[in-house]
Each structure stands twice: as structure tokens, then as C-alpha cells.
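Since the structure comes first, as C-alpha cells, the remarks are kept for the end.
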Amino acid sequence: MNQHLTPPPVPFIDVVSQRERLGKSIDEAVSRVLAHCQFINGPEVGELEARLAAYCGAKHVVGCASGTDALLMVLMAKGVGPGDAVLCPSFTFCATGEVVALVGATPVFVDVDATTFNMDAESFKRGIATARRLGLKPVAVIPVDLFGQSADHDAIGAVASAEGLFVLDDAAQSFGATYKGRRLGTFGLATATSFFPAKPLGCFGDGGAILTDDAEFAETLRSVRVHGQGSDKYDNVRIGLTGRLDTMQAAILIEKLTIFEDEIAARNKVADRYAQGLRDVLAVPQVVRGCTSVWAQYTIRLPKGVDRDRFAATLKAQGIPTSIYYPKSMHQQTAYRGFPVADGGLPVSESLSGDVISLPMHAYLDEATQARVIEAVRGAVRT
Ligand SMILES: Cc1ncc(COP(=O)(O)O)c(C=O)c1O
């Protein structure tokens, strides 16, 4: 047996290397929390919120329990509910549309751009018309900054303000990315992000944050975060939830933020190497000029005629994992089939769901390992 010659499996996302790199500083941060025992609303939560605000230029940051809660809390704070329509891309993680349905409003799914995978402003316009035709009141749009790259905020924002909709940016996958020189976190009324461990800035459990420049709105969000409490703790003034970020997770994130820029640079190097090694055999992801990506995913489109299952199996046999984000767009999923889609349909979302596949991507992917991935992908595309 030549088992010893089989190279080790490549991690899809390498949280272990990052953990080793941060080792002692994380241990010390956790120990500090264990020493002061303020597990809820400890000093690290406020410190992290201030650091995140300084990092992305937002005036106010409200830490919360997950990216899903971040989205949900904004809709709750704005009183979005039955009869309201919220426009969302269909090619996204389900939380984007899920929160709309959770508050009793109607998600109206719109199509995305074939190159950036982000919301198509023309389909967004058609979606608003669709919502009105159905007797719904369009109140908000949730552009998603998918796979690490910003949506076209100028185009989306212009349509939203002309139509009187507020913008809730879903930057769960893209905190740290820039759009025309500005970091995400400052577009629209509010931005939601996630610190799920696999995200570019992830904690060691669930976590999220809302970023906004509106001081009054930030106060409302803080109330929603704790059961809608008012100035008198036992006179709740609105319906809220338990949406707090744990002190422990905040302490971990403070440490992770110190290496975040360095990790983003490393992810960009990995993305450049993939592009160089693969662009002649398949469609590699494109970053819009003037913008930067944090590469939450490196998602390629397979050429026509390449069977995706076979492609994935060929790579797997060589110890190279892949993932499909997303094999079904939201409007194709069982729970969401009944919700409206923008007039003209969502052909791009549907075709992406049929041919995208994501390759291993993280800041610790060394050149030799990446060469192995590139070689395997090139081989699998040819067979
Ligand atoms: C686009 C998008 N929105 C929202 C979320 C929800 O974040 P969380 O898992 O922290 O609730 C995710 C997480 O995967 C996401 O990718």
C-alpha cells in the first residue's frame, strides 16, 4: 500500500491554523472574561462595538447574537410587517429572506448579476413593480454583499431612495470589503453582519452586529436587543428578543480583529493565484474595479458540459473539498416557493445555482497546497 504517499486533505476553511496563530492572546482574552464573570454585557462588548465602528467608519455598532438576528432586529425596529414587501436577491443564504417572512412581511425575490452574483438593479426595479401589482407596499431592500464582494450600492441606493425604500445591507459574508473606497457598514440605513466561525471575521460560536450612522435608530436596536426594554427596565416599550452578543465572543473577536487586515491581504493573494491558475479553463470570480473583496468564498462557474457532481467527486478523491453555494436559489426552495419573484423571472439566479462551485479559501492556504487544488481543478475540467 502506498497510503503514506496520499497527501493530507485540504481544509475548506482553516480555523485551526488561525487558532494556533492567535493561541495565547485568545487564551488570555477568554481568561479575562472568566475572571470578571460578566458573561452578559461585559466590558468587551462595548469595546468591540467601538473597535468595529472605528474599523469600518460607522457611527454606531450594536453587537448581537447572530447575523440572522442582526437582519431581524432591523426589520423589527422599523416595524416591518404584514402587507409590506421587502426586496431580496434570490441567490443568497436563506437568512436574507427568512427574516422578512419571520416578521410577517413578504419577501419579493429579485435576480442577480451574472458576473458579481449580486443584486441586479433592473430586476430590483421590476420587483418593486411586481410587489405593487400584488397589492403589497415595498418598504425595504436587502442587498447582499455575496461571497466577500460588495453589491452595487450606488445603483441599489438610487432606486431605493427614488422609491422611498430603506436599505438594509446584508454584509454577513463581506465585512471588511470596500465599495468605491468606503468600507461596508456605512451604506443605507443599517448593515447587518455575521461572526459565524466560517465568516472572514468569525468568532467561536454565533455572533453578529448591526452598523448604522443613525443614533436614534441605534437606541431602538439596543431596546429590541433586550426584549424591547424602555428606560424603566420592566416597562417594555416594544416587542423585542434576546439578541445579545456574548461577552466571551466579543473578547475573542477583539483579538481576531487585530489580524483581520493581514488575513484579508492573504485571502487576496490566494484569490490572485487561483485566478492566474484557472482563468484560461473556467469562469473565475471578478472583483469590480474600485472595490475590494474579503473572499468569503472563491466561487467558480463550471464550463458547459462539465458535470458538477462528477467534478466534485474527482476533487474529493484527491482530498480536495468543495461546496455548492447555493444549489437552489431561495425562490426554488420548498419554504419560499410561494413568495413572489420579480417580473421577468430570475434566469441568472437559476443558472448560477446550476453551475457554481466553491473551492477551498482561507488566509492560510499555502502556495504548494493551492497548486495542488489548481492542478486538480484543471484535470477535472478536462475529464
Ligand atoms: C448572506 C447571509 N446572510 C445572513 C446570514 C446569517 O448569519 P448567521 O449564520 O450568523 O445567523 C448568513 C450566514 O451564513 C449569510 O451568509
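Chain labels follow the order of the C-alpha cells: the first chain is A, the next B, and so on; residue numbering restarts at 1 in every chain, and ligands are counted from 1 in their shown order.
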
> DSSP says strand (DSSP E) for which residues of segment 55-266 of chain A? Put them as number ranges by chain?
Replying inline: A: 60-64, 84-89, 106-110, 137-141, 166-170, 178-179, 182-183, 190-194, 208-212

How would the residues just picked look written out with N, CA, C and O atoms as a compact mmCIF listing (two decimals), in the first residue's frame?
```txt
# COMPACT_ATOMS: atom_id res chain seq x y z
N HIS A 60 -22.34 53.97 14.79
CA HIS A 60 -22.86 53.16 15.90
C HIS A 60 -22.83 51.68 15.53
O HIS A 60 -23.16 51.33 14.39
N VAL A 61 -22.45 50.86 16.49
CA VAL A 61 -22.45 49.41 16.28
C VAL A 61 -23.20 48.76 17.43
O VAL A 61 -22.99 49.10 18.59
N VAL A 62 -24.09 47.86 17.08
CA VAL A 62 -24.86 47.13 18.09
C VAL A 62 -24.55 45.65 17.91
O VAL A 62 -24.97 45.02 16.93
N GLY A 63 -23.77 45.09 18.82
CA GLY A 63 -23.44 43.67 18.75
C GLY A 63 -24.69 42.85 18.99
O GLY A 63 -25.57 43.26 19.75
N CYS A 64 -24.78 41.69 18.36
CA CYS A 64 -25.97 40.86 18.59
C CYS A 64 -25.62 39.38 18.41
O CYS A 64 -24.48 39.04 18.14
N ASP A 84 -46.30 44.52 3.98
CA ASP A 84 -45.07 45.13 3.47
C ASP A 84 -44.31 44.13 2.59
O ASP A 84 -44.32 42.93 2.85
N ALA A 85 -43.64 44.67 1.59
CA ALA A 85 -42.76 43.84 0.75
C ALA A 85 -41.33 44.27 0.97
O ALA A 85 -41.04 45.47 1.08
N VAL A 86 -40.44 43.29 1.08
CA VAL A 86 -39.01 43.58 1.19
C VAL A 86 -38.32 42.84 0.04
O VAL A 86 -38.50 41.63 -0.14
N LEU A 87 -37.58 43.61 -0.76
CA LEU A 87 -36.93 43.06 -1.94
C LEU A 87 -35.60 42.43 -1.56
O LEU A 87 -34.79 43.08 -0.87
N CYS A 88 -35.39 41.19 -1.99
CA CYS A 88 -34.14 40.47 -1.65
C CYS A 88 -33.65 39.74 -2.89
O CYS A 88 -34.46 39.25 -3.67
N PRO A 89 -32.34 39.56 -3.01
CA PRO A 89 -31.87 38.69 -4.09
C PRO A 89 -32.26 37.26 -3.75
O PRO A 89 -32.35 36.90 -2.57
N THR A 106 -43.59 40.19 3.24
CA THR A 106 -43.42 39.31 2.07
C THR A 106 -42.08 39.56 1.39
O THR A 106 -41.84 40.67 0.91
N PRO A 107 -41.21 38.53 1.35
CA PRO A 107 -40.00 38.72 0.55
C PRO A 107 -40.36 38.64 -0.94
O PRO A 107 -41.11 37.76 -1.35
N VAL A 108 -39.87 39.60 -1.70
CA VAL A 108 -40.05 39.55 -3.16
C VAL A 108 -38.66 39.33 -3.74
O VAL A 108 -37.76 40.17 -3.54
N PHE A 109 -38.49 38.20 -4.40
CA PHE A 109 -37.15 37.83 -4.84
C PHE A 109 -36.80 38.46 -6.18
O PHE A 109 -37.62 38.49 -7.10
N VAL A 110 -35.58 38.96 -6.26
CA VAL A 110 -35.12 39.59 -7.50
C VAL A 110 -33.84 38.90 -7.98
O VAL A 110 -33.20 38.16 -7.23
N LYS A 137 -46.90 46.75 -0.13
CA LYS A 137 -46.22 48.05 -0.03
C LYS A 137 -44.71 47.81 0.08
O LYS A 137 -44.24 47.33 1.13
N PRO A 138 -43.95 48.11 -0.97
CA PRO A 138 -42.50 47.92 -0.87
C PRO A 138 -41.91 48.91 0.14
O PRO A 138 -42.09 50.11 -0.02
N VAL A 139 -41.26 48.40 1.17
CA VAL A 139 -40.72 49.30 2.21
C VAL A 139 -39.21 49.24 2.34
O VAL A 139 -38.59 50.16 2.87
N ALA A 140 -38.62 48.13 1.91
CA ALA A 140 -37.18 47.97 2.14
C ALA A 140 -36.55 47.08 1.08
O ALA A 140 -37.24 46.31 0.40
N VAL A 141 -35.24 47.21 0.97
CA VAL A 141 -34.46 46.30 0.12
C VAL A 141 -33.30 45.77 0.94
O VAL A 141 -32.73 46.50 1.76
N PHE A 166 -36.13 51.85 2.48
CA PHE A 166 -34.86 51.92 3.21
C PHE A 166 -33.99 50.71 2.84
O PHE A 166 -34.50 49.68 2.40
N VAL A 167 -32.68 50.91 2.99
CA VAL A 167 -31.72 49.87 2.61
C VAL A 167 -31.16 49.21 3.87
O VAL A 167 -30.64 49.88 4.76
N LEU A 168 -31.30 47.90 3.93
CA LEU A 168 -30.66 47.10 4.98
C LEU A 168 -29.62 46.23 4.28
O LEU A 168 -29.97 45.31 3.54
N ASP A 169 -28.36 46.57 4.46
CA ASP A 169 -27.32 45.84 3.74
C ASP A 169 -26.98 44.55 4.47
O ASP A 169 -26.65 44.57 5.66
N ASP A 170 -27.04 43.42 3.77
CA ASP A 170 -26.66 42.14 4.35
C ASP A 170 -25.19 41.88 4.00
O ASP A 170 -24.87 41.34 2.94
N THR A 178 -14.53 46.76 0.63
CA THR A 178 -14.78 48.17 0.32
C THR A 178 -15.55 48.30 -0.99
O THR A 178 -15.44 47.48 -1.90
N TYR A 179 -16.33 49.38 -1.04
CA TYR A 179 -17.07 49.76 -2.25
C TYR A 179 -16.66 51.19 -2.58
O TYR A 179 -16.90 52.09 -1.78
N ARG A 182 -14.92 52.95 0.21
CA ARG A 182 -15.58 53.02 1.51
C ARG A 182 -15.85 51.61 2.03
O ARG A 182 -16.33 50.76 1.28
N ARG A 183 -15.54 51.39 3.30
CA ARG A 183 -15.80 50.07 3.88
C ARG A 183 -17.30 49.82 4.01
O ARG A 183 -18.06 50.74 4.31
N ALA A 190 -28.90 50.73 7.62
CA ALA A 190 -28.16 49.85 8.53
C ALA A 190 -27.52 48.70 7.76
O ALA A 190 -27.98 48.34 6.67
N THR A 191 -26.47 48.16 8.35
CA THR A 191 -25.78 47.00 7.79
C THR A 191 -25.80 45.90 8.83
O THR A 191 -25.56 46.16 10.01
N ALA A 192 -26.09 44.68 8.37
CA ALA A 192 -26.04 43.52 9.28
C ALA A 192 -24.84 42.68 8.91
O ALA A 192 -24.55 42.50 7.72
N THR A 193 -24.13 42.18 9.92
CA THR A 193 -23.06 41.24 9.60
C THR A 193 -23.08 40.06 10.56
O THR A 193 -23.77 40.09 11.59
N SER A 194 -22.34 39.02 10.19
CA SER A 194 -22.32 37.78 10.97
C SER A 194 -20.89 37.45 11.38
O SER A 194 -19.96 37.65 10.60
N GLY A 208 -23.04 38.41 15.82
CA GLY A 208 -23.32 39.31 14.70
C GLY A 208 -23.28 40.75 15.18
O GLY A 208 -23.00 41.03 16.36
N ALA A 209 -23.52 41.66 14.26
CA ALA A 209 -23.54 43.08 14.62
C ALA A 209 -24.38 43.86 13.61
O ALA A 209 -24.52 43.44 12.44
N ILE A 210 -24.92 44.96 14.09
CA ILE A 210 -25.62 45.91 13.22
C ILE A 210 -24.83 47.21 13.25
O ILE A 210 -24.41 47.65 14.33
N LEU A 211 -24.65 47.80 12.09
CA LEU A 211 -23.90 49.06 11.99
C LEU A 211 -24.82 50.11 11.40
O LEU A 211 -25.55 49.83 10.44
N THR A 212 -24.82 51.29 11.99
CA THR A 212 -25.68 52.36 11.49
C THR A 212 -25.09 53.72 11.85
O THR A 212 -24.37 53.83 12.85
```

>> Taking only C-alpha atoms and all ligand atoms into account, which residues have an atom no farther than 9 Å from ligand 1? I'd like them as JSON, numbers by chain.
In response: {"A": [65, 66, 67, 68, 69, 70, 71, 92, 93, 94, 95, 96, 97, 144, 145, 146, 147, 170, 171, 172, 173, 174, 192, 193, 194, 195, 196, 197, 198, 199, 206, 207, 208]}

> So which residues touch segment 255-270 of chain A within 6 Å, counting only C-alpha atoms, skipping near sequence neighbours fewer than 3 positions away, as a list in words?
Replying inline: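 Near segment 255-270 of chain A, the qualifying residues are Ile252, Arg273, Val294, His362 and Ala363 of chain A.
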
>> Quick one: residues within 12 Å of Val381 of chain A, only C-alpha atoms, excluding same-chain residues fewer than 2 positions away - as a count of residues only?
In response: 28

> Can you list, as a ChimeraX atom specification, every residue of segment 126-328 of chain A that DSSP puts in alpha helix (DSSP H)?
Replying inline: /A:126-133,153-163,215-225,247-278,308-317

>> I'd like the contact shell of Val112 of chain A - 12 Å cut-off, only C-alpha atoms, skipping same-chain residues fewer than 5 positions apart - returned as a PyMOL selection string.
In response: chain A and resi 88-92+117-124+127+143-146+151-152+156+329+342+345-353

Residues from the last selection, N, CA and C atoms, saved as a compact mmCIF listing (two decimals), in the first residue's frame:
```
# COMPACT_ATOMS: atom_id res chain seq x y z
N CYS A 88 -35.39 41.19 -1.99
CA CYS A 88 -34.14 40.47 -1.65
C CYS A 88 -33.65 39.74 -2.89
N PRO A 89 -32.34 39.56 -3.01
CA PRO A 89 -31.87 38.69 -4.09
C PRO A 89 -32.26 37.26 -3.75
N SER A 90 -32.47 36.47 -4.78
CA SER A 90 -32.83 35.06 -4.52
C SER A 90 -31.58 34.21 -4.35
N PHE A 91 -30.49 34.63 -4.99
CA PHE A 91 -29.25 33.85 -4.91
C PHE A 91 -28.48 34.32 -3.68
N THR A 92 -28.82 33.74 -2.53
CA THR A 92 -28.23 34.14 -1.25
C THR A 92 -28.46 33.04 -0.25
N PHE A 117 -22.62 38.21 -9.03
CA PHE A 117 -23.58 37.41 -8.25
C PHE A 117 -24.40 38.28 -7.29
N ASN A 118 -24.29 39.59 -7.41
CA ASN A 118 -25.02 40.49 -6.51
C ASN A 118 -26.24 41.09 -7.20
N MET A 119 -27.12 41.68 -6.39
CA MET A 119 -28.42 42.16 -6.87
C MET A 119 -28.35 43.00 -8.15
N ASP A 120 -29.24 42.66 -9.08
CA ASP A 120 -29.33 43.38 -10.35
C ASP A 120 -30.33 44.52 -10.17
N ALA A 121 -29.86 45.76 -10.36
CA ALA A 121 -30.70 46.93 -10.09
C ALA A 121 -31.95 46.96 -10.98
N GLU A 122 -31.83 46.44 -12.21
CA GLU A 122 -33.01 46.45 -13.10
C GLU A 122 -34.07 45.47 -12.61
N SER A 123 -33.62 44.31 -12.18
CA SER A 123 -34.57 43.33 -11.64
C SER A 123 -35.18 43.85 -10.33
N PHE A 124 -34.37 44.58 -9.56
CA PHE A 124 -34.87 45.21 -8.32
C PHE A 124 -36.03 46.15 -8.66
N GLY A 127 -38.98 44.21 -9.50
CA GLY A 127 -39.54 43.60 -8.28
C GLY A 127 -40.43 44.57 -7.52
N PRO A 143 -29.95 44.37 -0.07
CA PRO A 143 -28.92 43.91 -1.00
C PRO A 143 -27.94 43.04 -0.22
N VAL A 144 -27.45 42.00 -0.81
CA VAL A 144 -26.50 41.12 -0.13
C VAL A 144 -25.13 41.33 -0.78
N ASP A 145 -24.09 41.41 0.03
CA ASP A 145 -22.72 41.52 -0.48
C ASP A 145 -22.18 40.09 -0.48
N LEU A 146 -22.41 39.41 -1.59
CA LEU A 146 -22.20 37.96 -1.58
C LEU A 146 -20.75 37.54 -1.78
N ALA A 151 -22.25 44.65 -2.99
CA ALA A 151 -23.28 44.89 -4.01
C ALA A 151 -23.03 46.28 -4.61
N ASP A 152 -23.75 46.59 -5.68
CA ASP A 152 -23.59 47.91 -6.31
C ASP A 152 -24.45 48.92 -5.54
N ILE A 156 -28.26 50.47 -6.34
CA ILE A 156 -29.37 49.99 -5.49
C ILE A 156 -29.91 51.16 -4.65
N SER A 329 -31.61 28.51 -5.49
CA SER A 329 -31.85 29.89 -5.09
C SER A 329 -33.06 29.88 -4.16
N ALA A 342 -39.64 38.78 -9.00
CA ALA A 342 -39.76 39.96 -9.86
C ALA A 342 -40.24 39.55 -11.25
N GLY A 345 -38.86 37.01 -14.21
CA GLY A 345 -38.24 35.79 -13.67
C GLY A 345 -36.81 36.03 -13.21
N LEU A 346 -36.17 34.94 -12.76
CA LEU A 346 -34.83 35.05 -12.19
C LEU A 346 -33.87 34.10 -12.90
N PRO A 347 -33.70 34.30 -14.24
CA PRO A 347 -32.89 33.33 -15.00
C PRO A 347 -31.44 33.25 -14.55
N VAL A 348 -30.85 34.37 -14.11
CA VAL A 348 -29.43 34.31 -13.73
C VAL A 348 -29.27 33.51 -12.44
N SER A 349 -30.12 33.79 -11.46
CA SER A 349 -30.05 33.03 -10.20
C SER A 349 -30.17 31.53 -10.49
N GLU A 350 -31.11 31.18 -11.36
CA GLU A 350 -31.33 29.77 -11.65
C GLU A 350 -30.12 29.15 -12.35
N SER A 351 -29.51 29.90 -13.26
CA SER A 351 -28.37 29.28 -13.95
C SER A 351 -27.15 29.21 -13.02
N LEU A 352 -26.98 30.20 -12.14
CA LEU A 352 -25.86 30.12 -11.18
C LEU A 352 -26.03 28.91 -10.27
N SER A 353 -27.25 28.70 -9.80
CA SER A 353 -27.47 27.56 -8.91
C SER A 353 -27.11 26.25 -9.59
```
